[in-house]
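Listing of coords29.cif, mmCIF, C-alpha atoms and all ligand atoms
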```
data_model
#
loop_
_atom_site.label_atom_id
_atom_site.label_comp_id
_atom_site.auth_asym_id
_atom_site.auth_seq_id
_atom_site.Cartn_x
_atom_site.Cartn_y
_atom_site.Cartn_z
CA MET A 1 -39.91 -67.51 -29.11
CA THR A 2 -43.31 -65.87 -28.81
CA ASP A 3 -42.66 -64.26 -32.18
CA LYS A 4 -42.22 -67.57 -33.97
CA PRO A 5 -44.82 -68.34 -36.63
CA LEU A 6 -47.28 -71.11 -35.77
CA PRO A 7 -45.51 -74.38 -36.56
CA HIS A 8 -47.54 -76.77 -38.68
CA GLY A 9 -46.01 -80.22 -38.41
CA ASN A 10 -47.24 -82.22 -35.43
CA ARG A 11 -43.76 -83.10 -34.19
CA THR A 12 -42.80 -79.41 -34.32
CA ARG A 13 -46.00 -78.50 -32.50
CA CYS A 14 -45.39 -81.12 -29.82
CA VAL A 15 -41.97 -79.63 -29.11
CA HIS A 16 -42.72 -75.91 -29.43
CA SER A 17 -46.42 -74.99 -29.19
CA GLY A 18 -47.31 -72.73 -26.31
CA ILE A 19 -43.79 -72.43 -24.95
CA ALA A 20 -42.27 -68.97 -24.84
CA MET A 21 -38.67 -68.39 -23.84
CA ASP A 22 -38.22 -67.01 -20.34
CA LYS A 23 -37.35 -63.36 -20.93
CA THR A 24 -35.38 -62.76 -17.74
CA THR A 25 -33.14 -65.84 -17.83
CA GLY A 26 -33.28 -66.97 -21.45
CA ALA A 27 -34.05 -70.51 -20.27
CA VAL A 28 -34.89 -72.62 -23.32
CA THR A 29 -37.04 -75.15 -21.49
CA GLN A 30 -39.98 -73.71 -19.63
CA PRO A 31 -39.47 -73.13 -15.89
CA ILE A 32 -42.12 -74.47 -13.50
CA HIS A 33 -44.04 -71.49 -12.17
CA LEU A 34 -45.01 -72.55 -8.67
CA SER A 35 -45.98 -69.04 -7.59
CA THR A 36 -49.72 -68.90 -7.04
CA ILE A 37 -49.68 -65.12 -7.38
CA PHE A 38 -48.39 -62.76 -10.03
CA GLU A 39 -47.97 -59.02 -9.75
CA HIS A 40 -50.91 -57.13 -11.23
CA PRO A 41 -50.07 -56.74 -14.91
CA PRO A 42 -49.13 -53.49 -16.60
CA GLU A 43 -51.73 -51.97 -18.91
CA ASP A 44 -49.98 -53.23 -22.02
CA ALA A 45 -50.14 -56.88 -20.87
CA PRO A 46 -53.64 -57.31 -19.47
CA ASP A 47 -53.69 -61.09 -20.16
CA ARG A 48 -50.76 -61.86 -17.89
CA PRO A 49 -51.71 -64.30 -15.11
CA ARG A 50 -52.70 -62.95 -11.68
CA TYR A 51 -53.60 -66.04 -9.68
CA THR A 52 -52.86 -69.65 -10.58
CA ARG A 53 -56.43 -70.98 -10.34
CA MET A 54 -57.36 -68.48 -13.04
CA GLY A 55 -54.28 -68.98 -15.17
CA ASN A 56 -50.69 -70.17 -14.98
CA PRO A 57 -47.90 -70.18 -17.59
CA ASN A 58 -47.42 -73.96 -17.38
CA ARG A 59 -51.13 -74.64 -17.76
CA HIS A 60 -51.28 -72.17 -20.60
CA ALA A 61 -48.41 -73.88 -22.45
CA LEU A 62 -50.15 -77.25 -22.20
CA GLU A 63 -53.58 -75.92 -23.15
CA VAL A 64 -52.23 -74.09 -26.20
CA ALA A 65 -50.27 -77.12 -27.39
CA VAL A 66 -53.17 -79.58 -27.12
CA ALA A 67 -55.52 -77.09 -28.80
CA GLU A 68 -53.09 -76.67 -31.70
CA LEU A 69 -52.74 -80.43 -32.10
CA GLU A 70 -56.52 -80.70 -32.50
CA ASN A 71 -56.60 -77.55 -34.69
CA ALA A 72 -58.94 -76.04 -32.13
CA ALA A 73 -59.51 -72.63 -30.57
CA ALA A 74 -58.68 -73.75 -27.04
CA SER A 75 -58.31 -76.55 -24.56
CA VAL A 76 -59.13 -76.39 -20.87
CA ALA A 77 -57.14 -78.45 -18.35
CA PHE A 78 -58.47 -80.20 -15.25
CA GLY A 79 -56.92 -82.12 -12.38
CA SER A 80 -57.77 -85.49 -14.00
CA GLY A 81 -59.51 -86.93 -17.05
CA THR A 82 -62.41 -87.70 -14.75
CA ALA A 83 -62.68 -84.05 -13.62
CA ALA A 84 -62.79 -83.08 -17.31
CA ILE A 85 -65.58 -85.62 -17.93
CA ALA A 86 -67.51 -84.31 -14.90
CA ALA A 87 -67.13 -80.77 -16.25
CA VAL A 88 -68.80 -81.71 -19.53
CA PHE A 89 -71.72 -83.55 -17.91
CA SER A 90 -72.24 -80.82 -15.31
CA MET A 91 -72.70 -78.34 -18.15
CA LEU A 92 -75.85 -80.11 -19.39
CA PRO A 93 -79.23 -78.86 -18.17
CA VAL A 94 -80.89 -81.06 -15.52
CA GLY A 95 -83.29 -83.64 -16.96
CA LYS A 96 -81.64 -83.96 -20.35
CA HIS A 97 -81.08 -87.30 -22.06
CA VAL A 98 -77.55 -88.49 -22.90
CA LEU A 99 -76.43 -91.52 -24.89
CA VAL A 100 -73.20 -93.19 -23.78
CA PRO A 101 -71.49 -96.36 -25.06
CA GLN A 102 -71.96 -99.77 -23.45
CA ASP A 103 -68.23 -100.34 -23.79
CA MET A 104 -66.43 -97.36 -22.28
CA TYR A 105 -63.88 -96.53 -19.62
CA PHE A 106 -65.27 -98.02 -16.41
CA GLY A 107 -64.50 -94.85 -14.46
CA THR A 108 -66.72 -92.80 -16.76
CA ARG A 109 -69.62 -95.14 -16.01
CA SER A 110 -68.91 -94.90 -12.26
CA THR A 111 -68.78 -91.10 -12.36
CA LEU A 112 -72.08 -90.97 -14.23
CA LYS A 113 -73.73 -93.43 -11.82
CA GLN A 114 -72.44 -91.74 -8.69
CA LEU A 115 -72.73 -88.05 -9.59
CA PHE A 116 -75.22 -87.66 -12.43
CA HIS A 117 -77.87 -90.42 -12.18
CA ASP A 118 -80.38 -88.09 -10.50
CA ARG A 119 -79.64 -85.09 -12.73
CA LEU A 120 -79.50 -86.61 -16.22
CA ASP A 121 -81.26 -89.41 -18.05
CA ILE A 122 -78.27 -91.51 -19.09
CA GLU A 123 -78.77 -94.41 -21.50
CA GLU A 124 -76.12 -96.92 -22.52
CA VAL A 125 -76.21 -98.02 -26.16
CA ASP A 126 -74.07 -99.94 -28.62
CA MET A 127 -72.35 -96.93 -30.24
CA THR A 128 -71.03 -99.15 -33.05
CA ASN A 129 -74.65 -99.60 -34.24
CA VAL A 130 -75.51 -96.23 -35.76
CA ASP A 131 -79.08 -97.21 -36.71
CA PHE A 132 -79.82 -98.24 -33.14
CA VAL A 133 -78.31 -95.00 -31.81
CA ARG A 134 -80.48 -93.03 -34.25
CA SER A 135 -83.58 -94.85 -32.99
CA ARG A 136 -82.80 -93.86 -29.39
CA VAL A 137 -82.22 -90.14 -30.00
CA ARG A 138 -85.14 -87.91 -29.01
CA ALA A 139 -86.05 -84.26 -28.44
CA GLU A 140 -84.54 -84.24 -24.91
CA THR A 141 -81.23 -85.71 -26.10
CA ALA A 142 -78.50 -83.18 -25.31
CA MET A 143 -75.34 -85.18 -26.02
CA LEU A 144 -73.81 -88.30 -27.51
CA TRP A 145 -70.67 -89.36 -25.63
CA VAL A 146 -68.48 -91.45 -27.93
CA GLU A 147 -65.34 -93.34 -26.98
CA THR A 148 -63.45 -94.83 -29.93
CA PRO A 149 -61.42 -97.00 -29.75
CA SER A 150 -63.27 -98.01 -26.59
CA ASN A 151 -61.89 -99.26 -23.32
CA PRO A 152 -61.38 -102.21 -22.87
CA CYS A 153 -62.86 -103.90 -25.97
CA LEU A 154 -61.37 -101.60 -28.65
CA ARG A 155 -64.73 -101.15 -30.37
CA ILE A 156 -64.77 -98.60 -33.18
CA SER A 157 -67.64 -96.11 -33.53
CA ASP A 158 -68.35 -94.04 -36.62
CA LEU A 159 -67.60 -90.48 -35.49
CA ALA A 160 -68.78 -88.73 -38.67
CA THR A 161 -72.17 -90.48 -38.80
CA LEU A 162 -72.76 -90.19 -35.06
CA ALA A 163 -72.03 -86.45 -35.24
CA GLU A 164 -74.72 -86.18 -37.94
CA VAL A 165 -77.17 -88.12 -35.78
CA ALA A 166 -76.44 -85.83 -32.83
CA HIS A 167 -76.76 -82.65 -34.88
CA GLU A 168 -80.04 -83.72 -36.52
CA ALA A 169 -81.45 -83.94 -32.98
CA GLY A 170 -79.98 -80.60 -31.93
CA ALA A 171 -77.54 -82.39 -29.61
CA ILE A 172 -73.77 -82.21 -29.37
CA MET A 173 -71.27 -85.03 -29.72
CA THR A 174 -68.27 -85.35 -27.42
CA ALA A 175 -65.42 -87.70 -28.29
CA ASP A 176 -63.22 -89.26 -25.62
CA ASN A 177 -60.03 -89.27 -27.72
CA THR A 178 -57.77 -90.71 -25.01
CA PHE A 179 -56.86 -93.96 -26.79
CA ALA A 180 -56.15 -92.31 -30.14
CA THR A 181 -54.52 -89.05 -29.00
CA PRO A 182 -54.67 -86.00 -31.31
CA LEU A 183 -52.05 -87.71 -33.47
CA LEU A 184 -54.06 -90.76 -34.56
CA GLN A 185 -57.58 -89.32 -34.80
CA SER A 186 -59.06 -85.86 -35.35
CA PRO A 187 -62.70 -85.95 -34.20
CA PHE A 188 -63.31 -82.25 -35.01
CA GLU A 189 -62.66 -83.00 -38.70
CA LEU A 190 -65.45 -85.60 -38.43
CA GLY A 191 -67.96 -83.25 -36.78
CA ALA A 192 -67.38 -83.60 -33.02
CA ASP A 193 -68.30 -80.59 -30.86
CA LEU A 194 -65.99 -81.36 -27.93
CA ILE A 195 -62.99 -83.61 -27.39
CA MET A 196 -61.91 -85.03 -24.05
CA HIS A 197 -58.42 -86.36 -23.27
CA SER A 198 -57.13 -88.12 -20.21
CA ALA A 199 -53.56 -86.78 -20.41
CA THR A 200 -52.77 -89.29 -17.67
CA LYS A 201 -52.34 -91.75 -20.54
CA TYR A 202 -50.43 -91.10 -23.78
CA ILE A 203 -50.08 -87.30 -23.55
CA GLY A 204 -48.23 -87.51 -20.20
CA GLY A 205 -46.85 -90.83 -21.39
CA HIS A 206 -44.77 -91.78 -18.35
CA SER A 207 -47.37 -92.81 -15.74
CA ASP A 208 -46.43 -89.97 -13.41
CA VAL A 209 -49.14 -87.35 -13.86
CA LEU A 210 -52.94 -87.25 -13.54
CA LEU A 211 -54.54 -84.66 -15.82
CA GLY A 212 -57.46 -84.15 -18.20
CA LEU A 213 -58.37 -81.73 -20.97
CA ILE A 214 -61.48 -80.63 -22.81
CA VAL A 215 -60.79 -79.27 -26.28
CA ILE A 216 -63.21 -76.78 -27.85
CA PRO A 217 -63.12 -76.09 -31.60
CA GLN A 218 -64.29 -72.44 -31.64
CA GLU A 219 -64.53 -69.45 -29.38
CA GLY A 220 -68.05 -69.04 -28.02
CA GLU A 221 -70.54 -70.26 -25.46
CA LEU A 222 -69.21 -73.80 -25.03
CA LEU A 223 -65.68 -72.56 -24.42
CA ASP A 224 -66.87 -69.85 -22.02
CA ARG A 225 -68.90 -72.36 -20.05
CA ILE A 226 -66.10 -74.92 -19.75
CA ARG A 227 -63.60 -72.23 -18.80
CA GLN A 228 -66.09 -71.10 -16.15
CA ILE A 229 -66.37 -74.64 -14.74
CA GLN A 230 -62.57 -74.85 -14.67
CA ILE A 231 -62.03 -71.55 -12.87
CA ALA A 232 -65.17 -71.24 -10.75
CA GLY A 233 -65.21 -75.00 -10.04
CA GLY A 234 -61.53 -74.83 -9.21
CA GLY A 235 -60.56 -78.37 -10.27
CA VAL A 236 -57.34 -77.19 -11.91
CA PRO A 237 -54.12 -79.22 -12.31
CA SER A 238 -50.97 -78.04 -10.52
CA PRO A 239 -48.22 -76.18 -12.42
CA HIS A 240 -45.94 -79.16 -11.85
CA ASP A 241 -48.47 -81.57 -13.33
CA CYS A 242 -49.00 -79.25 -16.31
CA TRP A 243 -45.25 -79.11 -16.81
CA LEU A 244 -44.99 -82.91 -16.72
CA ALA A 245 -47.82 -83.30 -19.23
CA ARG A 246 -46.33 -80.62 -21.48
CA ARG A 247 -42.93 -82.33 -21.26
CA GLY A 248 -44.56 -85.69 -22.09
CA LEU A 249 -46.18 -84.20 -25.17
CA MET A 250 -42.77 -83.38 -26.63
CA THR A 251 -42.00 -87.01 -27.42
CA MET A 252 -45.56 -88.20 -27.99
CA PRO A 253 -45.20 -88.63 -31.78
CA LEU A 254 -42.14 -90.85 -31.35
CA ARG A 255 -43.74 -92.82 -28.54
CA MET A 256 -47.02 -93.30 -30.38
CA ALA A 257 -45.27 -94.61 -33.47
CA GLN A 258 -43.51 -97.25 -31.36
CA HIS A 259 -46.65 -98.08 -29.32
CA CYS A 260 -48.56 -98.71 -32.55
CA LYS A 261 -45.79 -100.77 -34.10
CA ASN A 262 -45.36 -102.93 -31.00
CA ALA A 263 -49.11 -103.36 -30.48
CA LYS A 264 -49.56 -104.52 -34.05
CA ALA A 265 -46.79 -107.12 -33.63
CA ILE A 266 -48.24 -108.29 -30.30
CA ALA A 267 -51.76 -108.59 -31.74
CA GLY A 268 -50.41 -110.63 -34.66
CA TRP A 269 -48.47 -112.90 -32.31
CA LEU A 270 -51.45 -113.42 -29.97
CA ILE A 271 -53.71 -114.48 -32.84
CA GLY A 272 -51.53 -117.48 -33.55
CA ARG A 273 -51.44 -118.74 -29.95
CA PRO A 274 -53.52 -121.72 -28.80
CA GLU A 275 -53.90 -120.12 -25.33
CA VAL A 276 -55.80 -117.20 -26.86
CA GLU A 277 -59.51 -117.38 -27.74
CA ARG A 278 -59.88 -113.93 -29.29
CA VAL A 279 -57.86 -110.77 -29.87
CA PHE A 280 -59.33 -107.26 -29.89
CA TYR A 281 -57.19 -104.84 -31.90
CA PRO A 282 -58.61 -102.55 -34.61
CA GLY A 283 -55.47 -103.00 -36.72
CA LEU A 284 -56.36 -106.67 -37.31
CA PRO A 285 -58.14 -107.14 -40.66
CA ASP A 286 -60.86 -109.36 -39.11
CA HIS A 287 -61.73 -106.81 -36.37
CA PRO A 288 -65.36 -105.73 -37.06
CA GLY A 289 -64.32 -102.06 -36.94
CA HIS A 290 -61.12 -102.43 -38.96
CA GLU A 291 -62.23 -100.67 -42.16
CA LEU A 292 -63.83 -97.83 -40.24
CA ALA A 293 -60.73 -97.46 -38.06
CA ALA A 294 -58.54 -97.43 -41.17
CA ARG A 295 -60.68 -94.56 -42.51
CA GLN A 296 -61.00 -92.40 -39.38
CA MET A 297 -57.65 -93.13 -37.69
CA ARG A 298 -54.06 -92.66 -38.85
CA ASP A 299 -52.89 -95.75 -36.96
CA PHE A 300 -54.51 -98.21 -34.57
CA GLY A 301 -53.05 -97.35 -31.17
CA GLY A 302 -51.16 -99.15 -28.45
CA VAL A 303 -53.80 -101.12 -26.53
CA VAL A 304 -54.57 -104.77 -27.25
CA SER A 305 -57.12 -106.83 -25.31
CA PHE A 306 -57.49 -110.60 -25.55
CA LEU A 307 -59.53 -113.47 -24.16
CA VAL A 308 -57.67 -116.37 -22.55
CA ALA A 309 -59.08 -119.67 -23.79
CA ALA A 310 -58.64 -121.51 -20.48
CA GLY A 311 -60.76 -118.94 -18.61
CA GLU A 312 -60.58 -116.44 -15.77
CA ALA A 313 -58.22 -118.19 -13.34
CA VAL A 314 -55.57 -118.78 -16.00
CA ALA A 315 -55.98 -115.22 -17.31
CA LYS A 316 -55.29 -113.84 -13.81
CA ASP A 317 -52.34 -116.20 -13.44
CA ILE A 318 -50.81 -115.04 -16.73
CA ALA A 319 -51.08 -111.40 -15.59
CA ARG A 320 -49.21 -112.28 -12.39
CA ARG A 321 -46.43 -114.18 -14.14
CA THR A 322 -45.01 -111.57 -16.50
CA HIS A 323 -41.66 -110.04 -15.53
CA ILE A 324 -41.20 -107.02 -17.80
CA ILE A 325 -44.89 -106.34 -18.29
CA ALA A 326 -46.21 -104.91 -15.01
CA ASN A 327 -49.47 -106.30 -13.65
CA ALA A 328 -51.00 -102.88 -13.15
CA THR A 329 -53.92 -100.76 -14.25
CA SER A 330 -53.95 -97.75 -16.58
CA LEU A 331 -52.35 -97.39 -19.99
CA GLY A 332 -50.39 -95.08 -22.23
CA GLY A 333 -47.06 -95.08 -20.41
CA VAL A 334 -43.74 -96.01 -21.99
CA GLU A 335 -43.76 -99.22 -19.92
CA SER A 336 -45.94 -102.22 -20.75
CA LEU A 337 -48.87 -102.87 -18.41
CA MET A 338 -51.32 -105.74 -18.37
CA GLU A 339 -54.25 -106.48 -16.11
CA HIS A 340 -57.27 -108.68 -15.59
CA ARG A 341 -59.77 -105.99 -16.41
CA ALA A 342 -62.89 -107.42 -14.71
CA SER A 343 -61.04 -107.54 -11.36
CA ALA A 344 -59.89 -103.95 -11.76
CA GLU A 345 -63.44 -102.83 -12.58
CA GLY A 346 -64.94 -104.61 -9.57
CA PRO A 347 -68.30 -106.25 -8.89
CA GLU A 348 -70.25 -104.09 -11.35
CA SER A 349 -67.96 -104.93 -14.27
CA THR A 350 -69.59 -106.17 -17.48
CA THR A 351 -66.23 -107.04 -19.05
CA GLU A 352 -65.68 -110.66 -20.05
CA ARG A 353 -64.11 -112.60 -17.16
CA ASN A 354 -61.23 -114.00 -19.22
CA LEU A 355 -60.14 -110.66 -20.74
CA LEU A 356 -56.66 -109.25 -20.28
CA ARG A 357 -55.99 -105.67 -21.33
CA PHE A 358 -52.46 -105.02 -22.48
CA SER A 359 -51.12 -101.47 -22.77
CA VAL A 360 -48.18 -102.20 -25.03
CA GLY A 361 -45.13 -100.12 -24.12
CA ILE A 362 -42.22 -98.96 -26.23
CA GLU A 363 -39.79 -101.72 -25.14
CA ASN A 364 -38.19 -104.11 -27.66
CA VAL A 365 -41.17 -106.09 -28.87
CA GLU A 366 -39.25 -109.40 -28.92
CA ASP A 367 -38.69 -108.99 -25.16
CA LEU A 368 -42.42 -108.42 -24.62
CA ILE A 369 -43.29 -111.46 -26.69
CA ALA A 370 -40.77 -113.61 -24.82
CA ASP A 371 -42.26 -112.37 -21.53
CA LEU A 372 -45.80 -113.24 -22.64
CA GLU A 373 -44.67 -116.63 -23.90
CA GLN A 374 -43.02 -117.62 -20.62
CA ALA A 375 -46.11 -116.41 -18.70
CA PHE A 376 -48.42 -118.46 -20.97
CA LYS A 377 -46.24 -121.55 -20.41
CA ALA A 378 -46.00 -121.10 -16.65
CA ALA A 379 -49.66 -120.29 -16.01
CA HIS A 380 -51.60 -122.99 -14.17
CA LYS A 381 -54.41 -124.65 -16.01
C1 LIG A 401 -58.16 -93.16 -17.94
C2 LIG A 401 -59.29 -92.77 -18.79
C3 LIG A 401 -60.16 -91.74 -18.42
C4 LIG A 401 -60.08 -91.04 -17.07
O1 LIG A 401 -58.92 -90.34 -16.88
P1 LIG A 401 -58.23 -90.07 -15.42
O2 LIG A 401 -57.13 -89.15 -15.79
O3 LIG A 401 -57.78 -91.40 -14.90
O4 LIG A 401 -59.25 -89.46 -14.54
C5 LIG A 401 -61.17 -91.41 -19.30
N1 LIG A 401 -61.31 -92.05 -20.48
C6 LIG A 401 -60.49 -93.04 -20.88
C7 LIG A 401 -60.71 -93.70 -22.20
C8 LIG A 401 -59.45 -93.44 -20.05
O5 LIG A 401 -58.67 -94.46 -20.44
#
```
Please, can you express the file's structure as structure tokens?
Ligand SMILES: *Cc1c(COP(=O)(O)O)cnc(C)c1O
Amino acid sequence: MTDKPLPHGNRTRCVHSGIAMDKTTGAVTQPIHLSTIFEHPPEDAPDRPRYTRMGNPNRHALEVAVAELENAAASVAFGSGTAAIAAVFSMLPVGKHVLVPQDMYFGTRSTLKQLFHDRLDIEEVDMTNVDFVRSRVRAETAMLWVETPSNPCLRISDLATLAEVAHEAGAIMTADNTFATPLLQSPFELGADLIMHSATKYIGGHSDVLLGLIVIPQEGELLDRIRQIQIAGGGVPSPHDCWLARRGLMTMPLRMAQHCKNAKAIAGWLIGRPEVERVFYPGLPDHPGHELAARQMRDFGGVVSFLVAAGEAVAKDIARRTHIIANATSLGGVESLMEHRASAEGPESTTERNLLRFSVGIENVEDLIADLEQAFKAAHK
């Protein structure tokens, strides 16, 4: 299988990229290589792995596949999305200025506050307002961190224009592409310098693996540095986790298509409900980022957030009363999950108190709607 030409279609890539047939057994699916050590390679195969922190066949298969999906030179895997985020920020010289979005994954904000506040000058801005972002960029700015669609409010930021703003200032732009996946959005085509994925979400797709990746478009200094942080820092994912993420990737195109379809139907249903004050989904024509999302994304993703008209207590009650939809955090798994986001984020949360975030799964959408409907009816006012 190593001799196969590079497949071009994304579904073909998701199934085959990076996976070579096992030469001794002929196994068609990749074995999990738990061995931490490999015999020193013969001279004609100098790239063969030697020690799993430095390289492992399962990690390699995953890294190659994700890189190919982003049409990039390489991707570098870490033990979680958060470890991948920390790798990027730890690469920046001390004292540099970084712009990050006001609406972003709460864990990213926590990591920055807890680990980087005394090393970097981190400023939160409204990334959907390009003119404002431009006004905040200065000589010390080293990076724009962009998350679009954002978590939990599904805000859409203009990747192409923000990349220009970053580059005019001599800075780089990194895109957290977790919500979109490589299938729905290609930030490198819009000028991004790095892409981050939490593979814990849609890439893994089954809520059973924690893993993160940084994708780098070309060979060179950035790739060398991130590879160095991976290997010398040692925050690598296990072979088993890499195998699970690589296995998840195989069905990602089919899953994403169903996530998008279901989410669109759910968003449309929510809009018509008297219990709902507002729906955040970029696929809705009245979403402020809809046109931009339609331009820079291939579909609108599987997460829908909404505000419950009767307020926080009823919102929490609705989340507790669903039967199929689990009241749990995270997103991107085949099963539907919904949570009161401000509670999950804790005392420092800036998320609206009556917001529920719904990671729409791949179940029959009529069952999800029936579940929501009974929870709306049963919730105490
Ligand atoms: C979950 C998430 C992360 C962090 O990933 P972990 O694998 O949980 O560490 C980063 N960004 C976004 C948008 C996420 O949803």
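Within the 8 Å cut-off around A:Ile37, using only C-alpha atoms and omitting residues fewer than 4 positions from it on the same chain, the listed residues are Arg50, Tyr51 and Thr52 of chain A.
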Find the residues near stretch 284-294 of chain A: any atom within 10 Å, counting only C-alpha atoms, skip ones fewer than 5 places away on the same chain, and give them as a list of chain:residue names. A:Thr128, A:Thr148, A:Pro149, A:Leu154, A:Arg155, A:Ile156, A:Ser157, A:Asp158, A:Leu159, A:Gln185, A:Lys264, A:Ala267, A:Gly268, A:Ile271, A:Val279, A:Asp299, A:Phe300
Next, the residues of the selection above should be written as a PDB file, in the frame of the given file with C-alpha atoms.
```pdb
ATOM      1  CA  THR A 128     -71.030 -99.150 -33.050  1.00  0.00           C
ATOM      2  CA  THR A 148     -63.450 -94.830 -29.930  1.00  0.00           C
ATOM      3  CA  PRO A 149     -61.420 -97.000 -29.750  1.00  0.00           C
ATOM      4  CA  LEU A 154     -61.370-101.600 -28.650  1.00  0.00           C
ATOM      5  CA  ARG A 155     -64.730-101.150 -30.370  1.00  0.00           C
ATOM      6  CA  ILE A 156     -64.770 -98.600 -33.180  1.00  0.00           C
ATOM      7  CA  SER A 157     -67.640 -96.110 -33.530  1.00  0.00           C
ATOM      8  CA  ASP A 158     -68.350 -94.040 -36.620  1.00  0.00           C
ATOM      9  CA  LEU A 159     -67.600 -90.480 -35.490  1.00  0.00           C
ATOM     10  CA  GLN A 185     -57.580 -89.320 -34.800  1.00  0.00           C
ATOM     11  CA  LYS A 264     -49.560-104.520 -34.050  1.00  0.00           C
ATOM     12  CA  ALA A 267     -51.760-108.590 -31.740  1.00  0.00           C
ATOM     13  CA  GLY A 268     -50.410-110.630 -34.660  1.00  0.00           C
ATOM     14  CA  ILE A 271     -53.710-114.480 -32.840  1.00  0.00           C
ATOM     15  CA  VAL A 279     -57.860-110.770 -29.870  1.00  0.00           C
ATOM     16  CA  ASP A 299     -52.890 -95.750 -36.960  1.00  0.00           C
ATOM     17  CA  PHE A 300     -54.510 -98.210 -34.570  1.00  0.00           C
TER      18      PHE A 300
END
```
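If you look at atom CA of A:Gly170 and atom CA of A:Ile85, they are 20.7 Å away from each other.
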Per-residue nearest contacts chain A to ligand LIG 401 (chain A), cut-off 8 Å, using all atoms listed in the file, as a tab-separated table:
```
residue	atom	partner	partner_atom	distance
A:Gly79	CA	A:LIG401	O2	7.8
A:Ser80	CA	A:LIG401	O2	4.1
A:Gly81	CA	A:LIG401	O1	3.5
A:Thr82	CA	A:LIG401	O4	3.6
A:Ala83	CA	A:LIG401	O4	6.5
A:Ala84	CA	A:LIG401	O4	7.8
A:Ile85	CA	A:LIG401	C5	7.4
A:Met104	CA	A:LIG401	C7	6.8
A:Tyr105	CA	A:LIG401	C7	5.0
A:Gly107	CA	A:LIG401	C4	6.4
A:Thr108	CA	A:LIG401	C5	6.3
A:Glu147	CA	A:LIG401	C7	6.7
A:Ser150	CA	A:LIG401	C7	6.7
A:Asn151	CA	A:LIG401	C7	5.8
A:Asp176	CA	A:LIG401	C7	6.1
A:Asn177	CA	A:LIG401	C7	7.1
A:Thr178	CA	A:LIG401	C7	5.0
A:Phe179	CA	A:LIG401	C7	6.0
A:Met196	CA	A:LIG401	N1	7.9
A:His197	CA	A:LIG401	N1	7.0
A:Ser198	CA	A:LIG401	O1	4.4
A:Ala199	CA	A:LIG401	O2	6.3
A:Thr200	CA	A:LIG401	O2	4.8
A:Lys201	CA	A:LIG401	C1	6.5
A:Leu210	CA	A:LIG401	O2	5.1
A:Leu211	CA	A:LIG401	O2	5.2
A:Gly212	CA	A:LIG401	O2	5.6
A:Ser330	CA	A:LIG401	C1	6.4
A:Leu331	CA	A:LIG401	O5	7.0
```
For A:Lys113, please output as a compact mmCIF listing (two decimals) with C-alpha atoms, in the frame of the given file all residues within 12 Å (counting only C-alpha atoms; exclusion window: fewer than 4 positions along the same chain).
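The resulting file, result-v4.txt, is shown below:
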```txt
# COMPACT_ATOMS: atom_id res chain seq x y z
CA ALA A 86 -67.51 -84.31 -14.90
CA PHE A 89 -71.72 -83.55 -17.91
CA VAL A 100 -73.20 -93.19 -23.78
CA PHE A 106 -65.27 -98.02 -16.41
CA GLY A 107 -64.50 -94.85 -14.46
CA THR A 108 -66.72 -92.80 -16.76
CA ARG A 109 -69.62 -95.14 -16.01
CA HIS A 117 -77.87 -90.42 -12.18
CA ASP A 118 -80.38 -88.09 -10.50
CA ARG A 119 -79.64 -85.09 -12.73
CA LEU A 120 -79.50 -86.61 -16.22
CA ASP A 121 -81.26 -89.41 -18.05
CA ILE A 122 -78.27 -91.51 -19.09
CA GLU A 123 -78.77 -94.41 -21.50
CA GLU A 124 -76.12 -96.92 -22.52
CA GLU A 348 -70.25 -104.09 -11.35
```
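Comparing the minimum interatomic distances between A:Ala344 and each of A:Ser17, A:Ser359, A:Gln218, A:Asn327, counting all atoms listed in the file, we find that A:Asn327 sits nearest.
Take the candidates A:Leu162, A:Val94, A:Val125, A:Cys153 and check each one against A:Ala342 using only C-alpha atoms; the shortest distance goes to A:Cys153.
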Minimum-distance residue to A:Arg341, chosen among A:Arg53, A:His40, A:His323, A:Arg353 (using only C-alpha atoms): A:Arg353
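Residues within 10 Å of A:His340, counting all atoms listed in the file and excluding same-chain residues fewer than 4 positions away, are Ser305, Glu312, Ala313, Ala315, Lys316, Asp317, Ile318, Ala319, Arg320, Asn327, Ala328, Thr329, Ala344, Glu345, Thr351, Glu352, Arg353, Asn354, Leu355, Leu356, Arg357 and Phe358 of chain A.
Note that atom CA of A:Val165 and atom CA of A:Trp145 are 12.1 Å apart.
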Grab the atom CA of A:Cys242 to atom CA of A:Leu62 distance for me, in Å with one decimal place. 6.3 Å
Nearest residue to A:Pro347 out of A:Ser110, A:Asp367, A:Ala375, A:Ala245, using only C-alpha atoms? A:Ser110
